[in-house]
$ cat coords.tsv   # TSV, C-alpha atoms
chain	number	residue	atom	x	y	z
A	1	MET	CA	5.24	-31.00	1.07
A	2	SER	CA	5.84	-31.19	4.84
A	3	GLY	CA	2.96	-31.54	7.27
A	4	LYS	CA	3.45	-27.99	8.58
A	5	LYS	CA	3.46	-26.48	5.08
A	6	GLU	CA	0.37	-28.48	4.19
A	7	ARG	CA	-1.46	-27.22	7.29
A	8	ASN	CA	-0.43	-23.63	6.55
A	9	LYS	CA	-1.68	-24.00	3.00
A	10	GLU	CA	-5.00	-25.38	4.22
A	11	ARG	CA	-5.42	-22.52	6.71
A	12	ARG	CA	-4.61	-19.95	4.03
A	13	GLU	CA	-7.08	-21.47	1.56
A	14	LYS	CA	-9.74	-21.51	4.26
A	15	ARG	CA	-9.10	-17.84	5.05
A	16	LEU	CA	-9.31	-16.89	1.38
A	17	GLN	CA	-12.62	-18.72	1.15
A	18	GLU	CA	-13.84	-16.76	4.18
A	19	ILE	CA	-12.82	-13.49	2.52
A	20	SER	CA	-14.61	-14.45	-0.68
A	21	LEU	CA	-17.74	-15.00	1.41
A	22	LEU	CA	-17.31	-11.72	3.28
A	23	ARG	CA	-17.07	-9.89	-0.04
A	24	THR	CA	-20.57	-11.10	-0.95
A	25	ILE	CA	-22.12	-9.53	2.17
A	26	PRO	CA	-23.28	-5.96	1.43
A	27	TYR	CA	-22.51	-3.14	3.84
A	28	SER	CA	-25.53	-2.20	5.97
A	29	ASP	CA	-26.89	1.35	5.97
A	30	HIS	CA	-25.38	2.15	9.36
A	31	GLN	CA	-21.95	1.02	8.13
A	32	ARG	CA	-22.03	3.15	5.01
A	33	TRP	CA	-20.42	6.44	6.03
A	34	TRP	CA	-19.70	7.22	2.37
A	35	SER	CA	-21.73	8.31	-0.68
A	36	GLN	CA	-21.12	9.16	-4.33
A	37	GLU	CA	-19.70	12.47	-3.08
A	38	THR	CA	-16.91	10.57	-1.33
A	39	VAL	CA	-13.75	10.84	-3.44
A	40	ALA	CA	-11.08	8.12	-3.49
A	41	VAL	CA	-7.75	8.37	-5.31
A	42	VAL	CA	-5.96	5.18	-6.34
A	43	THR	CA	-2.42	5.51	-7.70
A	44	GLY	CA	-1.13	3.15	-10.36
A	45	ALA	CA	-4.70	2.13	-11.06
A	46	ASN	CA	-4.43	1.35	-14.76
A	47	ARG	CA	-3.89	-2.39	-14.11
A	48	GLY	CA	-3.50	-5.12	-11.54
A	49	ILE	CA	-4.33	-4.56	-7.88
A	50	GLY	CA	-4.86	-0.81	-8.32
A	51	PHE	CA	-7.37	-1.36	-11.12
A	52	GLU	CA	-9.26	-3.85	-8.96
A	53	ILE	CA	-9.25	-1.60	-5.88
A	54	ALA	CA	-10.68	1.21	-8.02
A	55	ARG	CA	-13.34	-1.11	-9.45
A	56	GLN	CA	-14.43	-2.37	-6.04
A	57	LEU	CA	-14.53	1.08	-4.43
A	58	ALA	CA	-16.65	2.43	-7.27
A	59	GLY	CA	-18.86	-0.63	-6.95
A	60	HIS	CA	-19.58	0.46	-3.37
A	61	GLY	CA	-20.81	3.81	-4.68
A	62	LEU	CA	-17.79	6.11	-4.29
A	63	THR	CA	-16.35	8.44	-6.90
A	64	VAL	CA	-12.96	7.02	-7.81
A	65	ILE	CA	-10.07	8.82	-9.47
A	66	LEU	CA	-7.65	6.54	-11.27
A	67	THR	CA	-4.13	7.83	-11.74
A	68	SER	CA	-1.62	6.53	-14.21
A	69	ARG	CA	1.85	7.67	-15.24
A	70	ASN	CA	0.78	7.17	-18.86
A	71	ILE	CA	-2.47	9.08	-19.32
A	72	SER	CA	-3.54	7.21	-22.47
A	73	VAL	CA	-3.26	3.90	-20.61
A	74	GLY	CA	-5.22	5.39	-17.72
A	75	ILE	CA	-7.97	6.57	-20.04
A	76	GLU	CA	-8.31	3.09	-21.55
A	77	ALA	CA	-8.53	1.57	-18.07
A	78	THR	CA	-11.23	4.07	-17.11
A	79	LYS	CA	-13.25	3.26	-20.22
A	80	ALA	CA	-13.19	-0.41	-19.28
A	81	LEU	CA	-14.42	0.40	-15.77
A	82	GLN	CA	-17.09	2.85	-16.89
A	83	GLU	CA	-18.83	0.08	-18.77
A	84	GLY	CA	-20.06	-1.05	-15.35
A	85	GLY	CA	-21.93	2.23	-14.95
A	86	PHE	CA	-19.96	3.50	-11.96
A	87	SER	CA	-18.39	6.89	-11.27
A	88	TYR	CA	-14.74	7.23	-12.31
A	89	ASP	CA	-12.35	9.96	-13.30
A	90	VAL	CA	-8.75	9.78	-14.47
A	91	HIS	CA	-5.67	11.99	-14.28
A	92	GLN	CA	-2.02	11.69	-15.20
A	93	LEU	CA	0.29	11.26	-12.21
A	94	ASP	CA	3.95	10.38	-11.84
A	95	ILE	CA	4.63	9.97	-8.12
A	96	LEU	CA	8.33	10.69	-8.68
A	97	ASP	CA	7.70	14.01	-10.43
A	98	GLY	CA	7.05	16.98	-8.17
A	99	GLU	CA	5.46	19.00	-10.97
A	100	SER	CA	3.14	16.13	-11.85
A	101	ILE	CA	2.06	15.81	-8.21
A	102	SER	CA	1.51	19.58	-7.89
A	103	ALA	CA	-0.59	19.64	-11.06
A	104	PHE	CA	-2.67	16.73	-9.75
A	105	VAL	CA	-3.25	18.43	-6.39
A	106	GLU	CA	-4.39	21.65	-8.09
A	107	TRP	CA	-6.75	19.68	-10.34
A	108	ILE	CA	-8.20	17.92	-7.28
A	109	LYS	CA	-8.78	21.23	-5.51
A	110	GLN	CA	-10.50	22.81	-8.51
A	111	LYS	CA	-12.67	19.86	-9.54
A	112	TYR	CA	-13.45	18.10	-6.25
A	113	GLY	CA	-12.37	20.42	-3.45
A	114	GLY	CA	-10.46	17.59	-1.81
A	115	ILE	CA	-10.43	13.83	-1.30
A	116	ASP	CA	-11.55	11.38	1.37
A	117	ILE	CA	-9.44	8.31	0.61
A	118	LEU	CA	-5.93	7.86	-0.78
A	119	VAL	CA	-4.75	4.39	-1.80
A	120	ASN	CA	-1.02	4.36	-2.52
A	121	ASN	CA	-0.78	1.40	-4.84
A	122	ALA	CA	1.80	2.53	-7.42
A	123	GLY	CA	4.98	0.48	-7.09
A	124	VAL	CA	7.59	-1.56	-8.94
A	125	ASN	CA	9.54	-4.79	-8.55
A	126	TYR	CA	12.05	-6.08	-11.08
A	127	ASN	CA	12.80	-9.50	-9.60
A	128	LEU	CA	10.93	-12.68	-10.49
A	129	GLY	CA	11.15	-16.22	-9.18
A	130	PHE	CA	14.39	-16.73	-7.28
A	131	ASP	CA	16.11	-13.65	-8.75
A	132	ASN	CA	17.60	-11.14	-6.35
A	133	SER	CA	19.20	-8.50	-8.53
A	134	VAL	CA	19.71	-4.98	-7.21
A	135	GLU	CA	20.33	-3.50	-10.65
A	136	PHE	CA	17.24	-1.30	-10.31
A	137	ALA	CA	17.42	-0.77	-6.54
A	138	ARG	CA	17.40	3.02	-6.83
A	139	GLN	CA	14.24	3.01	-8.94
A	140	VAL	CA	12.55	0.49	-6.65
A	141	VAL	CA	13.26	2.51	-3.50
A	142	ASP	CA	12.46	5.83	-5.14
A	143	THR	CA	9.11	4.61	-6.44
A	144	ASN	CA	7.91	2.41	-3.60
A	145	TYR	CA	9.10	4.50	-0.66
A	146	TYR	CA	9.85	8.05	-1.74
A	147	GLY	CA	6.98	8.12	-4.24
A	148	THR	CA	4.54	6.93	-1.59
A	149	LYS	CA	5.91	9.49	0.87
A	150	ASN	CA	5.60	12.23	-1.76
A	151	MET	CA	1.92	11.42	-2.21
A	152	ILE	CA	1.14	11.30	1.49
A	153	LYS	CA	2.73	14.69	2.10
A	154	ALA	CA	1.02	16.25	-0.92
A	155	MET	CA	-2.45	14.84	-0.28
A	156	ILE	CA	-2.84	15.29	3.49
A	157	PRO	CA	-3.56	19.03	3.06
A	158	VAL	CA	-6.40	18.29	0.61
A	159	MET	CA	-8.07	15.52	2.61
A	160	LYS	CA	-11.59	16.59	3.49
A	161	PRO	CA	-12.62	17.02	7.12
A	162	SER	CA	-15.47	14.67	8.08
A	163	ALA	CA	-16.99	12.91	11.05
A	164	ALA	CA	-15.86	9.55	9.66
A	165	GLY	CA	-12.29	10.72	9.09
A	166	ALA	CA	-10.17	10.53	5.96
A	167	ARG	CA	-8.18	7.38	5.16
A	168	ILE	CA	-4.80	6.52	3.66
A	169	VAL	CA	-4.05	2.94	2.67
A	170	ASN	CA	-0.54	1.95	1.61
A	171	VAL	CA	-0.15	-1.24	-0.41
A	172	SER	CA	2.91	-2.90	1.11
A	173	SER	CA	4.32	-6.39	1.69
A	174	ARG	CA	5.13	-8.94	4.35
A	175	LEU	CA	8.63	-8.89	2.87
A	176	GLY	CA	9.05	-5.53	4.58
A	177	ARG	CA	8.34	-6.80	8.07
A	178	LEU	CA	10.96	-5.71	10.59
A	179	ASN	CA	10.62	-8.77	12.75
A	180	GLY	CA	9.81	-11.50	10.28
A	181	ARG	CA	11.54	-14.76	11.09
A	182	ARG	CA	13.32	-15.24	7.77
A	183	ASN	CA	13.45	-12.06	5.73
A	184	ARG	CA	14.54	-9.22	7.97
A	185	ILE	CA	17.32	-6.75	8.75
A	186	GLN	CA	19.98	-8.56	10.75
A	187	ASP	CA	21.07	-5.50	12.77
A	188	ALA	CA	19.09	-5.94	16.00
A	189	ASN	CA	19.87	-2.40	17.17
A	190	LEU	CA	18.52	-0.88	13.94
A	191	ARG	CA	15.44	-3.10	14.12
A	192	GLU	CA	14.78	-1.88	17.64
A	193	LYS	CA	15.12	1.78	16.63
A	194	LEU	CA	12.77	1.31	13.69
A	195	THR	CA	10.30	-0.62	15.84
A	196	ASN	CA	10.20	1.79	18.80
A	197	LEU	CA	7.93	4.78	18.11
A	198	GLU	CA	10.03	6.85	20.48
A	199	THR	CA	13.12	6.44	18.28
A	200	LEU	CA	11.43	6.11	14.90
A	201	SER	CA	11.83	9.19	12.68
A	202	GLU	CA	11.71	10.14	9.04
A	203	GLU	CA	15.44	10.83	9.20
A	204	LEU	CA	16.10	7.30	10.50
A	205	ILE	CA	14.00	5.70	7.74
A	206	ASP	CA	15.69	7.82	5.06
A	207	ARG	CA	19.12	7.06	6.50
A	208	THR	CA	18.36	3.33	6.48
A	209	VAL	CA	17.37	3.22	2.80
A	210	SER	CA	20.25	5.55	1.87
A	211	SER	CA	22.68	3.21	3.62
A	212	PHE	CA	21.31	0.29	1.62
A	213	LEU	CA	21.56	2.19	-1.68
A	214	GLN	CA	25.11	3.25	-0.88
A	215	GLN	CA	26.06	-0.37	-0.24
A	216	VAL	CA	24.45	-1.32	-3.56
A	217	GLU	CA	26.61	1.28	-5.25
A	218	ASP	CA	29.70	0.01	-3.39
A	219	GLU	CA	28.74	-3.62	-4.15
A	220	THR	CA	28.87	-4.49	-0.43
A	221	TRP	CA	25.12	-4.93	0.16
A	222	GLN	CA	25.25	-8.73	0.31
A	223	SER	CA	27.25	-8.60	3.53
A	224	GLY	CA	25.22	-5.70	4.96
A	225	GLY	CA	22.64	-7.80	6.81
A	226	TRP	CA	19.75	-6.81	4.57
A	227	PRO	CA	16.75	-9.06	3.78
A	228	GLN	CA	17.81	-11.81	1.40
A	229	THR	CA	14.60	-12.19	-0.61
A	230	PHE	CA	13.92	-9.49	-3.22
A	231	THR	CA	16.25	-7.28	-1.19
A	232	ASP	CA	15.58	-3.93	-2.86
A	233	TYR	CA	11.81	-4.48	-2.82
A	234	SER	CA	11.90	-5.68	0.81
A	235	VAL	CA	13.88	-2.62	1.94
A	236	SER	CA	11.50	-0.29	0.10
A	237	LYS	CA	8.44	-1.86	1.72
A	238	LEU	CA	10.11	-1.93	5.14
A	239	ALA	CA	10.45	1.84	4.74
A	240	VAL	CA	6.78	2.16	3.71
A	241	ASN	CA	5.69	0.19	6.77
A	242	ALA	CA	7.84	2.28	9.11
A	243	TYR	CA	6.65	5.53	7.54
A	244	THR	CA	3.02	4.42	7.91
A	245	ARG	CA	3.52	4.04	11.66
A	246	LEU	CA	5.34	7.36	11.89
A	247	VAL	CA	2.62	9.30	10.06
A	248	ALA	CA	-0.08	7.63	12.18
A	249	LYS	CA	1.71	8.93	15.28
A	250	GLU	CA	2.03	12.43	13.81
A	251	LEU	CA	-1.67	12.54	12.86
A	252	CYS	CA	-3.12	11.03	16.02
A	253	ASP	CA	-3.67	14.36	17.80
A	254	ARG	CA	-5.81	15.91	15.07
A	255	PRO	CA	-9.22	17.02	16.44
A	256	GLN	CA	-12.40	15.07	15.83
A	257	GLY	CA	-13.77	15.91	12.41
A	258	GLU	CA	-10.26	16.31	11.02
A	259	LYS	CA	-8.96	12.81	11.71
A	260	ILE	CA	-6.87	10.99	9.12
A	261	TYR	CA	-6.30	7.27	9.59
A	262	ILE	CA	-3.40	5.55	7.85
A	263	ASN	CA	-2.69	1.83	7.55
A	264	CYS	CA	-0.83	-0.54	5.25
A	265	TYR	CA	-1.49	-4.04	4.03
A	266	CYS	CA	0.05	-6.96	2.19
A	267	PRO	CA	-2.06	-8.15	-0.76
A	268	GLY	CA	-0.13	-11.42	-1.02
A	269	TRP	CA	1.59	-13.04	-4.00
A	270	VAL	CA	-0.78	-11.80	-6.68
A	271	LYS	CA	-1.25	-13.00	-10.24
A	272	THR	CA	-0.30	-9.74	-11.98
A	273	ALA	CA	2.37	-8.42	-14.32
A	274	MET	CA	4.56	-7.54	-11.32
A	275	THR	CA	4.94	-11.22	-10.42
A	276	GLY	CA	5.17	-12.37	-14.04
A	277	TRP	CA	1.63	-13.78	-13.55
A	278	ALA	CA	3.12	-16.39	-11.20
A	279	GLY	CA	1.12	-15.40	-8.12
A	280	ASN	CA	-1.39	-17.62	-6.35
A	281	ILE	CA	-3.96	-14.93	-5.49
A	282	SER	CA	-6.32	-13.17	-7.88
A	283	PRO	CA	-6.34	-9.35	-8.08
A	284	GLU	CA	-9.96	-9.44	-6.87
A	285	VAL	CA	-9.00	-11.13	-3.59
A	286	ALA	CA	-5.76	-9.14	-3.30
A	287	ALA	CA	-7.67	-5.86	-3.47
A	288	ASP	CA	-10.14	-6.85	-0.76
A	289	THR	CA	-8.19	-5.83	2.35
A	290	GLY	CA	-7.29	-2.47	0.81
A	291	VAL	CA	-10.93	-1.78	0.06
A	292	TRP	CA	-11.97	-3.00	3.52
A	293	LEU	CA	-9.46	-0.66	5.21
A	294	SER	CA	-10.68	2.23	3.06
A	295	LEU	CA	-14.29	1.70	4.12
A	296	LEU	CA	-14.07	0.63	7.76
A	297	SER	CA	-16.92	2.24	9.65
A	298	ASP	CA	-15.16	1.89	13.01
A	299	GLN	CA	-12.01	3.65	11.85
A	300	ALA	CA	-10.21	4.18	15.13
A	301	ILE	CA	-7.64	1.84	13.58
A	302	THR	CA	-4.45	3.57	12.48
A	303	GLY	CA	-0.75	2.79	12.15
A	304	LYS	CA	-1.42	-0.93	11.67
A	305	PHE	CA	-0.37	-3.60	9.18
A	306	PHE	CA	-2.89	-6.07	7.76
A	307	ALA	CA	-3.10	-9.14	5.58
A	308	GLU	CA	-6.32	-10.92	4.66
A	309	ARG	CA	-8.34	-8.53	6.89
A	310	ARG	CA	-6.26	-9.47	9.94
A	311	GLU	CA	-3.71	-7.36	11.77
A	312	ILE	CA	-0.17	-8.74	11.69
A	313	ASN	CA	3.01	-7.55	13.36
A	314	PHE	CA	5.33	-5.18	11.52
$ encode --input "coords.tsv" --output "structure tokens"
Amino acid sequence: MSGKKERNKERREKRLQEISLLRTIPYSDHQRWWSQETVAVVTGANRGIGFEIARQLAGHGLTVILTSRNISVGIEATKALQEGGFSYDVHQLDILDGESISAFVEWIKQKYGGIDILVNNAGVNYNLGFDNSVEFARQVVDTNYYGTKNMIKAMIPVMKPSAAGARIVNVSSRLGRLNGRRNRIQDANLREKLTNLETLSEELIDRTVSSFLQQVEDETWQSGGWPQTFTDYSVSKLAVNAYTRLVAKELCDRPQGEKIYINCYCPGWVKTAMTGWAGNISPEVAADTGVWLSLLSDQAITGKFFAERREINF
């Protein structure tokens, strides 16, 4: 291992140790804006990072709703969590199915009146190791980007007004960074348009992912200047990151008491089924930044991208 890689590894391990320490420090009374009446929804929470985010949020005293595409799997996950004595509920949800989302929203309205926190964790990736297949590109983009967008649009109207503000946290990835040094879109003009809030739009994001999917269909994507690592996953998370910034801009003028803050974060290379258990970070540590963003007491932070509780560039 080169000296630079060794130093980076040492810094990363030190930061993870710091986070483990921070997780042992309880929130003080003046930091705790939430109570058991505070409702958090975590999508794809039947396993992995989502399961751990749900567990940690409930451990802080919130009411947490786990969602799972397969309701029986979700129920089993909830039973495992309820053994800790915390407050959980569960509901079926397929973020690609409009009827499923509508049914979930109606259930939320009737049972809870609304929600305070939405964690968009549900996502897929079909590549492992050094694979870079785009065989399932459509499903990856539909789930990771369009599914996340579906949930944001559906849940904003049922987010409760409060002095602390409601929160949306999107689980994303460094692989979707626009200006990363190694894994980025090569078209500098497109990068600039996606970076600049004055030119960023939902239409531009949709057009970008549609262009990628069309090139996949035409078998020309390899010469299209797309990210070269886990290309379909990277493009989907690039879209999530861009959409996070766009929604933050659209929501910024809401009056005090009706604020909604939205951010995204990279959990790292996590030891879960999605990575074939090859990750180097535990789900417990991977969930930490998502939980931290959900509970920030000074939540004037919005439209930002985080990793290991630190803001990083998109």
$ closest_residue --input "coords.tsv" --among "A:Ile115, A:Leu96, A:Cys266, A:Ile49" --to "Thr63 (chain A)" --atoms "all atoms listed in the file"
A:Ile115
$ residues_around --input "coords.tsv" --residues "Ser297 (chain A)" --least-positions-apart "4" --cutoff "10 Å" --atoms "all atoms listed in the file" --output "ChimeraX atom specification"
/A:27,30-34,164-165,292-293
$ closest_residue --input "coords.tsv" --among "A:Cys264, A:Ile65, A:Leu295, A:Leu16" --to "Val39 (chain A)" --atoms "all atoms listed in the file"
A:Ile65
$ atom_distance --input "coords.tsv" --atom1 "CA of His60 (chain A)" --atom2 "CA of Ala163 (chain A)"
19.2 Å
$ closest_residue --input "coords.tsv" --among "A:Ile101, A:Val64, A:Ala239, A:Ala58" --to "Gly85 (chain A)" --atoms "only C-alpha atoms"
A:Ala58
$ atom_distance --input "coords.tsv" --atom1 "CA of Arg207 (chain A)" --atom2 "CA of Thr231 (chain A)"
16.5 Å
$ residues_near_point --input "coords.tsv" --point "(10.5, -8.9, 2.9)" --cutoff "7 Å" --atoms "all atoms listed in the file" --output "JSON, numbers by chain"
{"A": [173, 174, 175, 176, 177, 183, 184, 227, 229, 234]}
$ write_last_selection --input "coords.tsv" --atoms "C-alpha atoms" --output "CSV table (one decimal), in the coordinates of the input"
chain,number,residue,atom,x,y,z
A,173,SER,CA,4.3,-6.4,1.7
A,174,ARG,CA,5.1,-8.9,4.4
A,175,LEU,CA,8.6,-8.9,2.9
A,176,GLY,CA,9.0,-5.5,4.6
A,177,ARG,CA,8.3,-6.8,8.1
A,183,ASN,CA,13.4,-12.1,5.7
A,184,ARG,CA,14.5,-9.2,8.0
A,227,PRO,CA,16.8,-9.1,3.8
A,229,THR,CA,14.6,-12.2,-0.6
A,234,SER,CA,11.9,-5.7,0.8
$ build_atoms --input "coords.tsv" --residues "region 22-41 of chain A" --atoms "N, CA, C and O atoms" --output "JSON list (two decimals), in the coordinates of the input"
[["chain", "number", "residue", "atom", "x", "y", "z"],
["A", 22, "LEU", "N", -17.10, -13.05, 2.71],
["A", 22, "LEU", "CA", -17.31, -11.72, 3.28],
["A", 22, "LEU", "C", -17.56, -10.68, 2.19],
["A", 22, "LEU", "O", -18.35, -9.75, 2.38],
["A", 23, "ARG", "N", -16.91, -10.84, 1.05],
["A", 23, "ARG", "CA", -17.07, -9.89, -0.04],
["A", 23, "ARG", "C", -18.47, -9.92, -0.64],
["A", 23, "ARG", "O", -18.88, -8.96, -1.30],
["A", 24, "THR", "N", -19.21, -11.00, -0.41],
["A", 24, "THR", "CA", -20.57, -11.10, -0.95],
["A", 24, "THR", "C", -21.61, -10.46, -0.03],
["A", 24, "THR", "O", -22.75, -10.28, -0.42],
["A", 25, "ILE", "N", -21.18, -10.10, 1.20],
["A", 25, "ILE", "CA", -22.12, -9.53, 2.17],
["A", 25, "ILE", "C", -22.12, -8.00, 2.01],
["A", 25, "ILE", "O", -21.09, -7.36, 2.21],
["A", 26, "PRO", "N", -23.24, -7.42, 1.64],
["A", 26, "PRO", "CA", -23.28, -5.96, 1.43],
["A", 26, "PRO", "C", -23.14, -5.20, 2.75],
["A", 26, "PRO", "O", -23.51, -5.70, 3.81],
["A", 27, "TYR", "N", -22.58, -3.99, 2.66],
["A", 27, "TYR", "CA", -22.51, -3.14, 3.84],
["A", 27, "TYR", "C", -23.91, -2.68, 4.21],
["A", 27, "TYR", "O", -24.72, -2.33, 3.34],
["A", 28, "SER", "N", -24.21, -2.67, 5.51],
["A", 28, "SER", "CA", -25.53, -2.20, 5.97],
["A", 28, "SER", "C", -25.55, -0.67, 5.94],
["A", 28, "SER", "O", -24.51, -0.01, 5.85],
["A", 29, "ASP", "N", -26.75, -0.10, 6.04],
["A", 29, "ASP", "CA", -26.89, 1.35, 5.97],
["A", 29, "ASP", "C", -26.10, 2.05, 7.07],
["A", 29, "ASP", "O", -25.51, 3.11, 6.85],
["A", 30, "HIS", "N", -26.07, 1.47, 8.27],
["A", 30, "HIS", "CA", -25.38, 2.15, 9.36],
["A", 30, "HIS", "C", -23.86, 2.04, 9.23],
["A", 30, "HIS", "O", -23.12, 2.79, 9.87],
["A", 31, "GLN", "N", -23.38, 1.12, 8.38],
["A", 31, "GLN", "CA", -21.95, 1.02, 8.13],
["A", 31, "GLN", "C", -21.47, 1.95, 7.04],
["A", 31, "GLN", "O", -20.30, 2.31, 6.98],
["A", 32, "ARG", "N", -22.40, 2.37, 6.19],
["A", 32, "ARG", "CA", -22.03, 3.15, 5.01],
["A", 32, "ARG", "C", -21.89, 4.63, 5.37],
["A", 32, "ARG", "O", -22.86, 5.39, 5.31],
["A", 33, "TRP", "N", -20.70, 5.03, 5.72],
["A", 33, "TRP", "CA", -20.42, 6.44, 6.03],
["A", 33, "TRP", "C", -20.18, 7.25, 4.76],
["A", 33, "TRP", "O", -20.11, 8.48, 4.81],
["A", 34, "TRP", "N", -20.06, 6.58, 3.64],
["A", 34, "TRP", "CA", -19.70, 7.22, 2.37],
["A", 34, "TRP", "C", -20.90, 7.36, 1.44],
["A", 34, "TRP", "O", -21.98, 6.80, 1.68],
["A", 35, "SER", "N", -20.71, 8.12, 0.36],
["A", 35, "SER", "CA", -21.73, 8.31, -0.68],
["A", 35, "SER", "C", -21.01, 8.54, -2.00],
["A", 35, "SER", "O", -19.78, 8.44, -2.08],
["A", 36, "GLN", "N", -21.75, 8.88, -3.04],
["A", 36, "GLN", "CA", -21.12, 9.16, -4.33],
["A", 36, "GLN", "C", -20.28, 10.44, -4.27],
["A", 36, "GLN", "O", -19.42, 10.67, -5.12],
["A", 37, "GLU", "N", -20.50, 11.26, -3.25],
["A", 37, "GLU", "CA", -19.70, 12.47, -3.08],
["A", 37, "GLU", "C", -18.34, 12.17, -2.44],
["A", 37, "GLU", "O", -17.47, 13.03, -2.41],
["A", 38, "THR", "N", -18.18, 10.97, -1.94],
["A", 38, "THR", "CA", -16.91, 10.57, -1.33],
["A", 38, "THR", "C", -15.90, 10.28, -2.43],
["A", 38, "THR", "O", -16.18, 9.49, -3.34],
["A", 39, "VAL", "N", -14.75, 10.91, -2.36],
["A", 39, "VAL", "CA", -13.75, 10.84, -3.44],
["A", 39, "VAL", "C", -12.55, 10.00, -2.98],
["A", 39, "VAL", "O", -11.93, 10.29, -1.95],
["A", 40, "ALA", "N", -12.24, 8.98, -3.77],
["A", 40, "ALA", "CA", -11.08, 8.12, -3.49],
["A", 40, "ALA", "C", -10.10, 8.22, -4.65],
["A", 40, "ALA", "O", -10.48, 8.16, -5.82],
["A", 41, "VAL", "N", -8.82, 8.36, -4.31],
["A", 41, "VAL", "CA", -7.75, 8.37, -5.31],
["A", 41, "VAL", "C", -6.97, 7.08, -5.19],
["A", 41, "VAL", "O", -6.58, 6.68, -4.09]]
